[in-house]
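Chemist: This is the structure I want to talk about, given as structure tokens.
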Amino acid sequence: GFEQTAAEEVQEKLGSASRISRDRGKIYFEVPARSLPQVHRLRSVDNLFVVVQEFKDYQFKENKEDALKDLEDLVKKLPWTDPLKVWELNNSLKKKKTKRKKHNLQSPASRGKLSDGGVEGGADQSNTNDQEDCAQNPVAVEPTGGQDTESPQGVMSRNGVEEEEEDNEQSDVKVEAQAGSESGTKAGDSQTGEAEAKVLRFRVTCNRAGDKHSFTSNEAARDFGGAVQEHFQWKADMTNFDVEVLLNIHNNEVVVGIALTEESLHRRNITHFGPTTLRSTLAYGMLRLCDPQPTDIIVDPMCGTGAIPIEGAAEWPYCYHIAGDNNPQAVKRAANNINSLLRKNESKDSSTALGVPLDVVQWDICNLPLRTGSVDIVVTDMPFGKRIGSKRKNWDLYPACLMEMGRICTPGTGRAVLLTQDKKCFAKALSRVGHIWRRAQTVWVNVGGLHAAVYLLRRTSERAEHTGAFW
């Protein structure tokens, strides 16, 4: 859903133009290999990979055996040398960092939120005509959460940003941002001979979307992986691998890549997870949508574990962030996450460890202890009525929230960015408070398999009265 945001961030921070893939959720861009560390610091992408080769209009044979044989034969023809140099450079960057605990690549925590950018890990069959499935090399498919699909859970970073997000209403979102199109990988300072000194372990992860393929993703991963094994004499290993080769098939578009992230970048700020923890990448996209300016006061009145204000404090330190929730357990988790961020900042620069411009408070969303017109921006993930609350309660909660948010926001200049999957209820609530909020933009996002929307609202110049009994 936030591919455009990712493309803007790449242009701003790396000076590279991006191409947004037809396979929704990916962007491609070219950067020199020396820019790899900056690529890893992108905030809007979940996974990175370097492109080996891209085929815009690949013609699959109708017969399954023939189609799979073509994929096998493709392995020998691909230009692996430069991408593998980039992979090595990426590894050397990792080694320079302090040793940190290696996470299990299939960790359920990387399934992220369900109120956020969605689960990273594949896409299940959706209500659209496209069928998607993904699988890994040799035969093992490791489904995420019982779905028929698997997607690259990551490998540590490099020239390719892949931000894959499936468009299907019921699909898990996989956000990856694809970077470093074929020739953007000029890493001549690494020699592939070093990698060949020991037998590397690898796996192939296939993501397939489309209804015109005669094979499954598992079959494609198995046969393509077998050819990779034969070509490089690597050893197949589903869990403890050195190299993850990605085979992305979207209708007739085929992209072969090497993953550069071992763990999705969206987990960067959160150590204490709640039932609906928002992905940091989605939180970044929401914050960026409202264009925070220095000295802005930004409030998340339903902060949960604090993903939005923590991302805000890390990326927009010249604003002041206030997080709040009515649930004491959520406030406690948010406070723990803030403490984790402080400790991380201290370890980076022990000389002058500064705090973060963020406070967390327990409060009632419908009666906030904030002055009328004192807040510039409200950004929050509203309860979907599934894991938290109920759809029935939302009919009362949403209009009351919008009214109270309107009261605290500055008339004329205030804005709000709100995420919800309960679109019908939100539209009705917005129509009831149309005198104080105007909808400026809607971004459709896939949140853990749910088709959700991010609404950018602008505050009208009309006054909003504070009255708890309004509704």
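Just so we're on the same page: first chain in the structure tokens is A, next is B, and so on; residues restart at 1 for each chain, and ligands are numbered from 1 in the order they show up.
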What are the closest atom pairs, with distances in Å to one decimal, for each residue of stretch 293-326 of chain A lying within 12 Å of stretch 245-267 of chain A, using only C-alpha atoms, rows by chain and rising residue number, as a Markdown table?
Modeler:
```
| residue | atom | partner | partner_atom | distance |
| --- | --- | --- | --- | --- |
| A:Ala307 | CA | A:Arg267 | CA | 9.7 |
| A:Ile308 | CA | A:His266 | CA | 11.9 |
| A:Ile310 | CA | A:Arg267 | CA | 12.0 |
| A:Glu311 | CA | A:His266 | CA | 10.4 |
```
Chemist: Just to be explicit: take each residue in the selection above, keep N, CA and C atoms, and write the result as a PDB file, in the first residue's frame.
Modeler:
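Contents of part.pdb, as written:
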```
ATOM      1  N   ALA A 307       4.101   1.510  18.633  1.00  0.00           N
ATOM      2  CA  ALA A 307       4.881   1.446  17.383  1.00  0.00           C
ATOM      3  C   ALA A 307       4.912   2.787  16.658  1.00  0.00           C
ATOM      4  N   ILE A 308       3.769   3.488  16.601  1.00  0.00           N
ATOM      5  CA  ILE A 308       3.722   4.751  15.844  1.00  0.00           C
ATOM      6  C   ILE A 308       4.532   5.845  16.545  1.00  0.00           C
ATOM      7  N   ILE A 310       6.905   5.632  18.736  1.00  0.00           N
ATOM      8  CA  ILE A 310       8.328   5.275  18.827  1.00  0.00           C
ATOM      9  C   ILE A 310       9.001   5.503  17.476  1.00  0.00           C
ATOM     10  N   GLU A 311       8.344   5.088  16.399  1.00  0.00           N
ATOM     11  CA  GLU A 311       8.885   5.357  15.063  1.00  0.00           C
ATOM     12  C   GLU A 311       8.967   6.867  14.837  1.00  0.00           C
TER      13      GLU A 311
END
```
Chemist: What lies within 9 Å of A:Lys76 using only C-alpha atoms, ignoring chain neighbours under 6 positions off, as a ChimeraX atom specification?
Modeler: /A:227-228,231
Chemist: Write out, as a short mmCIF file (atom, residue, chain, number, x, y, z; two decimals), in the first residue's frame, the residues just selected, with N, CA, C and O atoms.
Modeler:
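Below you can see again00.cif, which holds the result:
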```
data_model
loop_
_atom_site.label_atom_id
_atom_site.label_comp_id
_atom_site.auth_asym_id
_atom_site.auth_seq_id
_atom_site.Cartn_x
_atom_site.Cartn_y
_atom_site.Cartn_z
N ALA A 227 18.46 -27.21 -9.55
CA ALA A 227 19.40 -26.72 -10.57
C ALA A 227 20.45 -25.80 -9.95
O ALA A 227 21.63 -25.82 -10.34
N VAL A 228 20.04 -24.99 -8.96
CA VAL A 228 21.00 -24.11 -8.26
C VAL A 228 22.04 -24.97 -7.53
O VAL A 228 23.25 -24.69 -7.57
N HIS A 231 24.42 -26.39 -10.05
CA HIS A 231 25.25 -25.37 -10.69
C HIS A 231 26.38 -24.90 -9.76
O HIS A 231 27.52 -24.75 -10.18
#
```
Chemist: Excluding same-chain residues fewer than 4 positions from stretch 400-413 of chain A, what lies within 6 Å of it counting only C-alpha atoms, as a PyMOL selection string?
Modeler: chain A and resi 366+372-376+459-461+464
Chemist: Quote the spacing between atom CA of A:Asp325 and atom CA of A:Cys303 in Å to one decimal place.
Modeler: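 A separation of 5.7 Å between them.
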Chemist: Env of stretch 11-21 of chain A: 8 Å cut, atoms = only C-alpha atoms, seq-sep filter 5 positions within chain, self excluded. Answer as number ranges by chain.
Modeler: A: 3-4, 26-31, 35, 38-39
Chemist: Could you write out that same residue set with N, CA and C atoms as an mmCIF file, in the first residue's frame?
Modeler:
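File out03.cif, as written:
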```cif
data_model
loop_
_atom_site.group_PDB
_atom_site.id
_atom_site.type_symbol
_atom_site.label_atom_id
_atom_site.label_comp_id
_atom_site.auth_asym_id
_atom_site.auth_seq_id
_atom_site.Cartn_x
_atom_site.Cartn_y
_atom_site.Cartn_z
ATOM 1 N N GLU A 3 3.882 1.729 -1.424
ATOM 2 C CA GLU A 3 4.980 1.659 -2.396
ATOM 3 C C GLU A 3 5.435 3.053 -2.821
ATOM 4 N N GLN A 4 4.459 3.964 -3.022
ATOM 5 C CA GLN A 4 4.809 5.316 -3.453
ATOM 6 C C GLN A 4 5.658 6.014 -2.387
ATOM 7 N N LYS A 26 6.348 -4.270 -4.410
ATOM 8 C CA LYS A 26 7.793 -4.226 -4.650
ATOM 9 C C LYS A 26 8.159 -2.944 -5.369
ATOM 10 N N ILE A 27 9.323 -2.411 -5.042
ATOM 11 C CA ILE A 27 9.881 -1.339 -5.853
ATOM 12 C C ILE A 27 11.304 -1.733 -6.236
ATOM 13 N N TYR A 28 11.749 -1.269 -7.400
ATOM 14 C CA TYR A 28 13.090 -1.564 -7.881
ATOM 15 C C TYR A 28 13.847 -0.261 -8.068
ATOM 16 N N PHE A 29 15.105 -0.254 -7.686
ATOM 17 C CA PHE A 29 15.930 0.921 -7.944
ATOM 18 C C PHE A 29 17.384 0.498 -8.068
ATOM 19 N N GLU A 30 18.178 1.319 -8.734
ATOM 20 C CA GLU A 30 19.597 1.025 -8.911
ATOM 21 C C GLU A 30 20.431 1.959 -8.051
ATOM 22 N N VAL A 31 21.356 1.368 -7.325
ATOM 23 C CA VAL A 31 22.293 2.166 -6.522
ATOM 24 C C VAL A 31 23.661 1.520 -6.610
ATOM 25 N N SER A 35 26.499 2.180 -1.571
ATOM 26 C CA SER A 35 25.334 2.748 -0.870
ATOM 27 C C SER A 35 24.590 1.712 -0.034
ATOM 28 N N GLN A 38 23.298 2.614 3.451
ATOM 29 C CA GLN A 38 22.156 3.545 3.437
ATOM 30 C C GLN A 38 20.867 2.823 3.043
ATOM 31 N N VAL A 39 20.986 1.834 2.170
ATOM 32 C CA VAL A 39 19.800 1.069 1.767
ATOM 33 C C VAL A 39 19.204 0.385 2.991
#
```
